[in-house]
$ cat input39.cif   # mmCIF, C-alpha atoms, pLDDT in the B column; chains and numbers go by the auth columns
data_input
#
loop_
_atom_site.group_PDB
_atom_site.id
_atom_site.type_symbol
_atom_site.label_atom_id
_atom_site.label_comp_id
_atom_site.label_asym_id
_atom_site.label_seq_id
_atom_site.Cartn_x
_atom_site.Cartn_y
_atom_site.Cartn_z
_atom_site.B_iso_or_equiv
_atom_site.auth_seq_id
_atom_site.auth_asym_id
ATOM 1 C CA MET A 1 131.984 28.734 110.377 52.00 1 A
ATOM 2 C CA SER A 2 128.897 29.457 108.362 56.00 2 A
ATOM 3 C CA GLY A 3 130.445 29.174 104.899 58.00 3 A
ATOM 4 C CA THR A 4 129.872 32.822 103.934 55.00 4 A
ATOM 5 C CA PRO A 5 132.803 35.191 103.693 56.00 5 A
ATOM 6 C CA PRO A 6 133.050 37.477 106.719 54.00 6 A
ATOM 7 C CA PHE A 7 132.977 40.655 104.632 52.00 7 A
ATOM 8 C CA GLU A 8 129.501 40.063 103.183 52.00 8 A
ATOM 9 C CA ASN A 9 127.807 41.186 106.358 54.00 9 A
ATOM 10 C CA ASP A 10 130.218 44.039 106.982 54.00 10 A
ATOM 11 C CA GLY A 11 128.638 47.334 105.863 54.00 11 A
ATOM 12 C CA ASN A 12 132.006 49.136 105.834 56.00 12 A
ATOM 13 C CA ALA A 13 133.512 46.666 103.374 53.00 13 A
ATOM 14 C CA VAL A 14 130.567 47.057 100.992 52.00 14 A
ATOM 15 C CA ALA A 15 130.762 50.851 101.203 53.00 15 A
ATOM 16 C CA SER A 16 134.505 50.671 100.612 58.00 16 A
ATOM 17 C CA ARG A 17 134.091 48.474 97.519 61.00 17 A
ATOM 18 C CA THR A 18 131.393 50.815 96.201 67.00 18 A
ATOM 19 C CA ALA A 19 133.620 53.857 96.707 63.00 19 A
ATOM 20 C CA VAL A 20 136.530 52.141 94.931 61.00 20 A
ATOM 21 C CA GLY A 21 134.259 51.181 92.044 61.00 21 A
ATOM 22 C CA ARG A 22 132.928 54.718 91.811 66.00 22 A
ATOM 23 C CA ARG A 23 136.479 56.147 91.732 68.00 23 A
ATOM 24 C CA LYS A 24 137.497 53.701 89.002 63.00 24 A
ATOM 25 C CA LEU A 25 134.437 54.632 86.951 57.00 25 A
ATOM 26 C CA THR A 26 135.153 58.349 87.391 62.00 26 A
ATOM 27 C CA ALA A 27 138.790 57.858 86.378 59.00 27 A
ATOM 28 C CA LEU A 28 137.714 55.840 83.335 55.00 28 A
ATOM 29 C CA HIS A 29 135.231 58.526 82.306 53.00 29 A
ATOM 30 C CA ALA A 30 137.847 61.276 82.687 54.00 30 A
ATOM 31 C CA ARG A 31 140.324 59.238 80.662 57.00 31 A
ATOM 32 C CA TYR A 32 137.746 58.643 77.906 56.00 32 A
ATOM 33 C CA SER A 33 136.786 62.333 77.817 53.00 33 A
ATOM 34 C CA GLU A 34 140.427 63.371 77.626 55.00 34 A
ATOM 35 C CA HIS A 35 141.117 60.820 74.897 61.00 35 A
ATOM 36 C CA THR A 36 138.190 61.923 72.715 63.00 36 A
ATOM 37 C CA LEU A 37 139.377 65.523 72.884 63.00 37 A
ATOM 38 C CA THR A 38 143.121 65.070 72.508 69.00 38 A
ATOM 39 C CA THR A 39 143.132 62.517 69.703 82.00 39 A
ATOM 40 C CA PRO A 40 141.799 64.883 66.983 86.00 40 A
ATOM 41 C CA ILE A 41 144.105 67.650 68.184 86.00 41 A
ATOM 42 C CA GLN A 42 147.111 65.321 68.160 88.00 42 A
ATOM 43 C CA PHE A 43 146.108 64.016 64.735 90.00 43 A
ATOM 44 C CA VAL A 44 146.004 67.494 63.209 92.00 44 A
ATOM 45 C CA ALA A 45 149.199 68.557 64.988 92.00 45 A
ATOM 46 C CA PHE A 46 151.089 65.434 63.907 91.00 46 A
ATOM 47 C CA TRP A 47 150.179 65.717 60.248 92.00 47 A
ATOM 48 C CA SER A 48 150.768 69.473 60.302 93.00 48 A
ATOM 49 C CA ALA A 49 154.253 68.821 61.628 93.00 49 A
ATOM 50 C CA VAL A 50 154.795 66.364 58.782 93.00 50 A
ATOM 51 C CA THR A 51 153.539 68.644 55.994 94.00 51 A
ATOM 52 C CA LEU A 52 154.647 72.120 57.129 93.00 52 A
ATOM 53 C CA PRO A 53 158.289 71.664 56.017 92.00 53 A
ATOM 54 C CA PHE A 54 157.103 71.503 52.407 94.00 54 A
ATOM 55 C CA LEU A 55 156.084 75.151 52.751 91.00 55 A
ATOM 56 C CA TYR A 56 159.633 76.156 53.645 92.00 56 A
ATOM 57 C CA VAL A 57 160.909 75.397 50.143 91.00 57 A
ATOM 58 C CA PRO A 58 159.162 78.209 48.206 90.00 58 A
ATOM 59 C CA LEU A 59 160.013 80.713 50.918 89.00 59 A
ATOM 60 C CA LEU A 60 163.675 79.756 50.916 89.00 60 A
ATOM 61 C CA ILE A 61 163.907 79.716 47.096 90.00 61 A
ATOM 62 C CA ASN A 62 162.514 83.259 46.819 86.00 62 A
ATOM 63 C CA GLY A 63 164.670 84.554 49.641 87.00 63 A
ATOM 64 C CA LEU A 64 163.851 85.843 53.083 86.00 64 A
ATOM 65 C CA ALA A 65 163.346 89.573 52.866 88.00 65 A
ATOM 66 C CA GLY A 66 160.600 91.614 54.486 87.00 66 A
ATOM 67 C CA ALA A 67 157.257 89.805 54.441 89.00 67 A
ATOM 68 C CA GLU A 68 158.881 86.489 53.518 89.00 68 A
ATOM 69 C CA LEU A 69 160.944 86.614 56.710 91.00 69 A
ATOM 70 C CA THR A 70 157.817 87.219 58.784 92.00 70 A
ATOM 71 C CA ALA A 71 156.011 84.368 57.005 91.00 71 A
ATOM 72 C CA PHE A 72 159.002 82.074 57.534 92.00 72 A
ATOM 73 C CA LEU A 73 159.229 82.846 61.249 93.00 73 A
ATOM 74 C CA SER A 74 155.469 82.391 61.674 94.00 74 A
ATOM 75 C CA LEU A 75 155.650 79.082 59.830 94.00 75 A
ATOM 76 C CA LEU A 76 158.577 78.002 61.994 95.00 76 A
ATOM 77 C CA ALA A 77 156.648 78.865 65.173 96.00 77 A
ATOM 78 C CA CYS A 78 153.603 76.910 63.952 95.00 78 A
ATOM 79 C CA HIS A 79 155.855 73.973 63.138 95.00 79 A
ATOM 80 C CA ILE A 80 157.370 73.958 66.632 95.00 80 A
ATOM 81 C CA VAL A 81 153.909 74.056 68.241 94.00 81 A
ATOM 82 C CA ALA A 82 152.737 71.223 65.954 94.00 82 A
ATOM 83 C CA LEU A 83 155.778 69.127 66.875 93.00 83 A
ATOM 84 C CA PHE A 84 155.093 69.472 70.588 93.00 84 A
ATOM 85 C CA ALA A 85 151.334 68.945 70.300 90.00 85 A
ATOM 86 C CA GLY A 86 151.552 65.945 67.970 90.00 86 A
ATOM 87 C CA HIS A 87 154.592 64.138 69.335 85.00 87 A
ATOM 88 C CA SER A 88 152.566 61.506 71.226 82.00 88 A
ATOM 89 C CA TYR A 89 150.007 60.745 68.507 80.00 89 A
ATOM 90 C CA ARG A 90 149.390 56.971 68.251 74.00 90 A
ATOM 91 C CA GLN A 91 151.888 56.025 70.964 73.00 91 A
ATOM 92 C CA GLU A 92 149.384 54.254 73.233 61.00 92 A
#
$ encode --input "input39.cif" --output "structure tokens"
Amino acid sequence: MSGTPPFENDGNAVASRTAVGRRKLTALHARYSEHTLTTPIQFVAFWSAVTLPFLYVPLLINGLAGAELTAFLSLLACHIVALFAGHSYRQE
């Protein structure tokens, strides 16, 4: 026994470790890129979902006829999208 681990002289083991390291680095980069893009979107969606219900009140007080009904349904659709887009904000 020479005292050196047997894998040091094995070219396949070194190539394998390099490939694993490269895959980990690529996965980390993809995760970072995804995180930097989704966090602002989730932030805006979350806080939109929190604040949009306050806009329902004036529409409901004035009644839902004609243009108010269209505005209410559009607001409701935006609220649903904001709920889905912002539901995982700050859950890491």
$ atom_distance --input "input39.cif" --atom1 "atom CA of A:Phe72" --atom2 "atom CA of A:Val50"
16.3 Å
$ residues_around --input "input39.cif" --residues "A:Leu75" --least-positions-apart "4" --cutoff "9 Å" --atoms "all atoms listed in the file" --output "count of residues only"
8
$ atom_distance --input "input39.cif" --atom1 "atom CA of A:Val81" --atom2 "atom CA of A:Phe46"
10.1 Å
$ atom_distance --input "input39.cif" --atom1 "atom CA of A:Ser88" --atom2 "atom CA of A:Trp47"
12.0 Å
$ closest_residue --input "input39.cif" --among "A:Pro58, A:Leu83, A:Ala77, A:Gln91" --to "A:Val44" --atoms "only C-alpha atoms"
A:Leu83
$ axis_aligned_box --input "input39.cif" --around "stretch 63-80 of chain A" --padding-each-side "4 Å" --output "lines of an AutoDock Vina configuration file"
center_x = 159.1
center_y = 82.8
center_z = 58.1
size_x = 19.1
size_y = 25.7
size_z = 25.0
$ resolve_selection --input "input39.cif" --expression "the PyMOL selection byres ((chain A and resi 89) around 10)" --output "NGL selection string"
:A and (38-47 or 85-88 or 90-92)
$ decode --input "input39.cif" --residues "stretch 51-92 of chain A" --atoms "N, CA and C atoms" --output "PDB file, in the first residue's frame"
ATOM      1  N   THR A  51     -54.048  43.666  -1.214  1.00  0.00           N
ATOM      2  CA  THR A  51     -54.676  44.986  -1.315  1.00  0.00           C
ATOM      3  C   THR A  51     -55.878  45.052  -2.258  1.00  0.00           C
ATOM      4  N   LEU A  52     -55.979  44.150  -3.216  1.00  0.00           N
ATOM      5  CA  LEU A  52     -57.085  44.217  -4.179  1.00  0.00           C
ATOM      6  C   LEU A  52     -58.481  44.144  -3.538  1.00  0.00           C
ATOM      7  N   PRO A  53     -58.687  43.397  -2.477  1.00  0.00           N
ATOM      8  CA  PRO A  53     -60.040  43.377  -1.884  1.00  0.00           C
ATOM      9  C   PRO A  53     -60.544  44.745  -1.424  1.00  0.00           C
ATOM     10  N   PHE A  54     -59.646  45.665  -1.123  1.00  0.00           N
ATOM     11  CA  PHE A  54     -60.093  47.000  -0.727  1.00  0.00           C
ATOM     12  C   PHE A  54     -60.788  47.731  -1.882  1.00  0.00           C
ATOM     13  N   LEU A  55     -60.500  47.313  -3.109  1.00  0.00           N
ATOM     14  CA  LEU A  55     -61.154  47.940  -4.256  1.00  0.00           C
ATOM     15  C   LEU A  55     -62.560  47.395  -4.503  1.00  0.00           C
ATOM     16  N   TYR A  56     -62.871  46.275  -3.879  1.00  0.00           N
ATOM     17  CA  TYR A  56     -64.226  45.724  -4.025  1.00  0.00           C
ATOM     18  C   TYR A  56     -65.272  46.617  -3.357  1.00  0.00           C
ATOM     19  N   VAL A  57     -64.904  47.228  -2.256  1.00  0.00           N
ATOM     20  CA  VAL A  57     -65.864  47.980  -1.437  1.00  0.00           C
ATOM     21  C   VAL A  57     -66.569  49.083  -2.227  1.00  0.00           C
ATOM     22  N   PRO A  58     -65.854  49.995  -2.907  1.00  0.00           N
ATOM     23  CA  PRO A  58     -66.580  51.046  -3.629  1.00  0.00           C
ATOM     24  C   PRO A  58     -67.454  50.489  -4.754  1.00  0.00           C
ATOM     25  N   LEU A  59     -66.990  49.430  -5.389  1.00  0.00           N
ATOM     26  CA  LEU A  59     -67.793  48.839  -6.458  1.00  0.00           C
ATOM     27  C   LEU A  59     -69.074  48.229  -5.913  1.00  0.00           C
ATOM     28  N   LEU A  60     -68.983  47.565  -4.789  1.00  0.00           N
ATOM     29  CA  LEU A  60     -70.163  46.933  -4.207  1.00  0.00           C
ATOM     30  C   LEU A  60     -71.121  47.954  -3.601  1.00  0.00           C
ATOM     31  N   ILE A  61     -70.596  49.057  -3.068  1.00  0.00           N
ATOM     32  CA  ILE A  61     -71.461  50.099  -2.493  1.00  0.00           C
ATOM     33  C   ILE A  61     -72.277  50.770  -3.588  1.00  0.00           C
ATOM     34  N   ASN A  62     -71.660  51.040  -4.735  1.00  0.00           N
ATOM     35  CA  ASN A  62     -72.356  51.725  -5.829  1.00  0.00           C
ATOM     36  C   ASN A  62     -73.256  50.792  -6.624  1.00  0.00           C
ATOM     37  N   GLY A  63     -73.105  49.520  -6.446  1.00  0.00           N
ATOM     38  CA  GLY A  63     -73.913  48.562  -7.193  1.00  0.00           C
ATOM     39  C   GLY A  63     -73.177  48.054  -8.420  1.00  0.00           C
ATOM     40  N   LEU A  64     -73.595  46.882  -8.861  1.00  0.00           N
ATOM     41  CA  LEU A  64     -72.937  46.255 -10.006  1.00  0.00           C
ATOM     42  C   LEU A  64     -73.868  46.274 -11.217  1.00  0.00           C
ATOM     43  N   ALA A  65     -73.809  47.349 -11.954  1.00  0.00           N
ATOM     44  CA  ALA A  65     -74.615  47.454 -13.162  1.00  0.00           C
ATOM     45  C   ALA A  65     -73.729  47.971 -14.295  1.00  0.00           C
ATOM     46  N   GLY A  66     -73.795  47.313 -15.420  1.00  0.00           N
ATOM     47  CA  GLY A  66     -73.069  47.770 -16.604  1.00  0.00           C
ATOM     48  C   GLY A  66     -71.564  47.723 -16.446  1.00  0.00           C
ATOM     49  N   ALA A  67     -70.934  48.888 -16.495  1.00  0.00           N
ATOM     50  CA  ALA A  67     -69.473  48.992 -16.450  1.00  0.00           C
ATOM     51  C   ALA A  67     -68.926  48.551 -15.093  1.00  0.00           C
ATOM     52  N   GLU A  68     -69.691  48.766 -14.036  1.00  0.00           N
ATOM     53  CA  GLU A  68     -69.240  48.337 -12.707  1.00  0.00           C
ATOM     54  C   GLU A  68     -69.125  46.823 -12.629  1.00  0.00           C
ATOM     55  N   LEU A  69     -70.041  46.113 -13.301  1.00  0.00           N
ATOM     56  CA  LEU A  69     -69.983  44.656 -13.309  1.00  0.00           C
ATOM     57  C   LEU A  69     -68.731  44.179 -14.049  1.00  0.00           C
ATOM     58  N   THR A  70     -68.435  44.812 -15.169  1.00  0.00           N
ATOM     59  CA  THR A  70     -67.229  44.460 -15.920  1.00  0.00           C
ATOM     60  C   THR A  70     -65.973  44.752 -15.096  1.00  0.00           C
ATOM     61  N   ALA A  71     -65.944  45.895 -14.427  1.00  0.00           N
ATOM     62  CA  ALA A  71     -64.798  46.238 -13.578  1.00  0.00           C
ATOM     63  C   ALA A  71     -64.666  45.247 -12.432  1.00  0.00           C
ATOM     64  N   PHE A  72     -65.789  44.865 -11.833  1.00  0.00           N
ATOM     65  CA  PHE A  72     -65.761  43.910 -10.725  1.00  0.00           C
ATOM     66  C   PHE A  72     -65.239  42.552 -11.183  1.00  0.00           C
ATOM     67  N   LEU A  73     -65.699  42.068 -12.307  1.00  0.00           N
ATOM     68  CA  LEU A  73     -65.251  40.771 -12.808  1.00  0.00           C
ATOM     69  C   LEU A  73     -63.770  40.803 -13.209  1.00  0.00           C
ATOM     70  N   SER A  74     -63.341  41.913 -13.788  1.00  0.00           N
ATOM     71  CA  SER A  74     -61.916  42.067 -14.122  1.00  0.00           C
ATOM     72  C   SER A  74     -61.066  42.098 -12.853  1.00  0.00           C
ATOM     73  N   LEU A  75     -61.525  42.807 -11.858  1.00  0.00           N
ATOM     74  CA  LEU A  75     -60.824  42.878 -10.583  1.00  0.00           C
ATOM     75  C   LEU A  75     -60.766  41.506  -9.913  1.00  0.00           C
ATOM     76  N   LEU A  76     -61.848  40.771  -9.992  1.00  0.00           N
ATOM     77  CA  LEU A  76     -61.905  39.426  -9.426  1.00  0.00           C
ATOM     78  C   LEU A  76     -60.920  38.498 -10.147  1.00  0.00           C
ATOM     79  N   ALA A  77     -60.848  38.592 -11.461  1.00  0.00           N
ATOM     80  CA  ALA A  77     -59.904  37.775 -12.226  1.00  0.00           C
ATOM     81  C   ALA A  77     -58.461  38.129 -11.868  1.00  0.00           C
ATOM     82  N   CYS A  78     -58.164  39.408 -11.746  1.00  0.00           N
ATOM     83  CA  CYS A  78     -56.814  39.839 -11.345  1.00  0.00           C
ATOM     84  C   CYS A  78     -56.479  39.336  -9.948  1.00  0.00           C
ATOM     85  N   HIS A  79     -57.459  39.344  -9.066  1.00  0.00           N
ATOM     86  CA  HIS A  79     -57.248  38.875  -7.706  1.00  0.00           C
ATOM     87  C   HIS A  79     -56.937  37.380  -7.677  1.00  0.00           C
ATOM     88  N   ILE A  80     -57.637  36.607  -8.473  1.00  0.00           N
ATOM     89  CA  ILE A  80     -57.394  35.162  -8.538  1.00  0.00           C
ATOM     90  C   ILE A  80     -55.988  34.882  -9.074  1.00  0.00           C
ATOM     91  N   VAL A  81     -55.590  35.588 -10.124  1.00  0.00           N
ATOM     92  CA  VAL A  81     -54.240  35.416 -10.676  1.00  0.00           C
ATOM     93  C   VAL A  81     -53.196  35.803  -9.629  1.00  0.00           C
ATOM     94  N   ALA A  82     -53.414  36.897  -8.912  1.00  0.00           N
ATOM     95  CA  ALA A  82     -52.471  37.338  -7.884  1.00  0.00           C
ATOM     96  C   ALA A  82     -52.381  36.320  -6.749  1.00  0.00           C
ATOM     97  N   LEU A  83     -53.495  35.711  -6.386  1.00  0.00           N
ATOM     98  CA  LEU A  83     -53.464  34.690  -5.335  1.00  0.00           C
ATOM     99  C   LEU A  83     -52.618  33.496  -5.745  1.00  0.00           C
ATOM    100  N   PHE A  84     -52.785  33.033  -6.964  1.00  0.00           N
ATOM    101  CA  PHE A  84     -52.004  31.891  -7.435  1.00  0.00           C
ATOM    102  C   PHE A  84     -50.531  32.232  -7.606  1.00  0.00           C
ATOM    103  N   ALA A  85     -50.232  33.411  -8.133  1.00  0.00           N
ATOM    104  CA  ALA A  85     -48.844  33.784  -8.393  1.00  0.00           C
ATOM    105  C   ALA A  85     -48.081  34.115  -7.104  1.00  0.00           C
ATOM    106  N   GLY A  86     -48.769  34.638  -6.106  1.00  0.00           N
ATOM    107  CA  GLY A  86     -48.092  35.060  -4.889  1.00  0.00           C
ATOM    108  C   GLY A  86     -48.228  34.130  -3.709  1.00  0.00           C
ATOM    109  N   HIS A  87     -48.843  32.969  -3.903  1.00  0.00           N
ATOM    110  CA  HIS A  87     -49.108  32.090  -2.762  1.00  0.00           C
ATOM    111  C   HIS A  87     -47.851  31.529  -2.112  1.00  0.00           C
ATOM    112  N   SER A  88     -46.743  31.436  -2.817  1.00  0.00           N
ATOM    113  CA  SER A  88     -45.530  30.864  -2.213  1.00  0.00           C
ATOM    114  C   SER A  88     -44.482  31.916  -1.870  1.00  0.00           C
ATOM    115  N   TYR A  89     -44.873  33.166  -1.815  1.00  0.00           N
ATOM    116  CA  TYR A  89     -43.913  34.236  -1.488  1.00  0.00           C
ATOM    117  C   TYR A  89     -43.432  34.060  -0.047  1.00  0.00           C
ATOM    118  N   ARG A  90     -42.134  34.078   0.150  1.00  0.00           N
ATOM    119  CA  ARG A  90     -41.468  33.958   1.452  1.00  0.00           C
ATOM    120  C   ARG A  90     -41.751  32.645   2.178  1.00  0.00           C
ATOM    121  N   GLN A  91     -41.907  31.551   1.453  1.00  0.00           N
ATOM    122  CA  GLN A  91     -42.121  30.263   2.097  1.00  0.00           C
ATOM    123  C   GLN A  91     -40.876  29.397   2.061  1.00  0.00           C
ATOM    124  N   GLU A  92     -39.733  29.917   1.661  1.00  0.00           N
ATOM    125  CA  GLU A  92     -38.517  29.114   1.595  1.00  0.00           C
ATOM    126  C   GLU A  92     -37.979  28.837   2.952  1.00  0.00           C
TER     127      GLU A  92
END
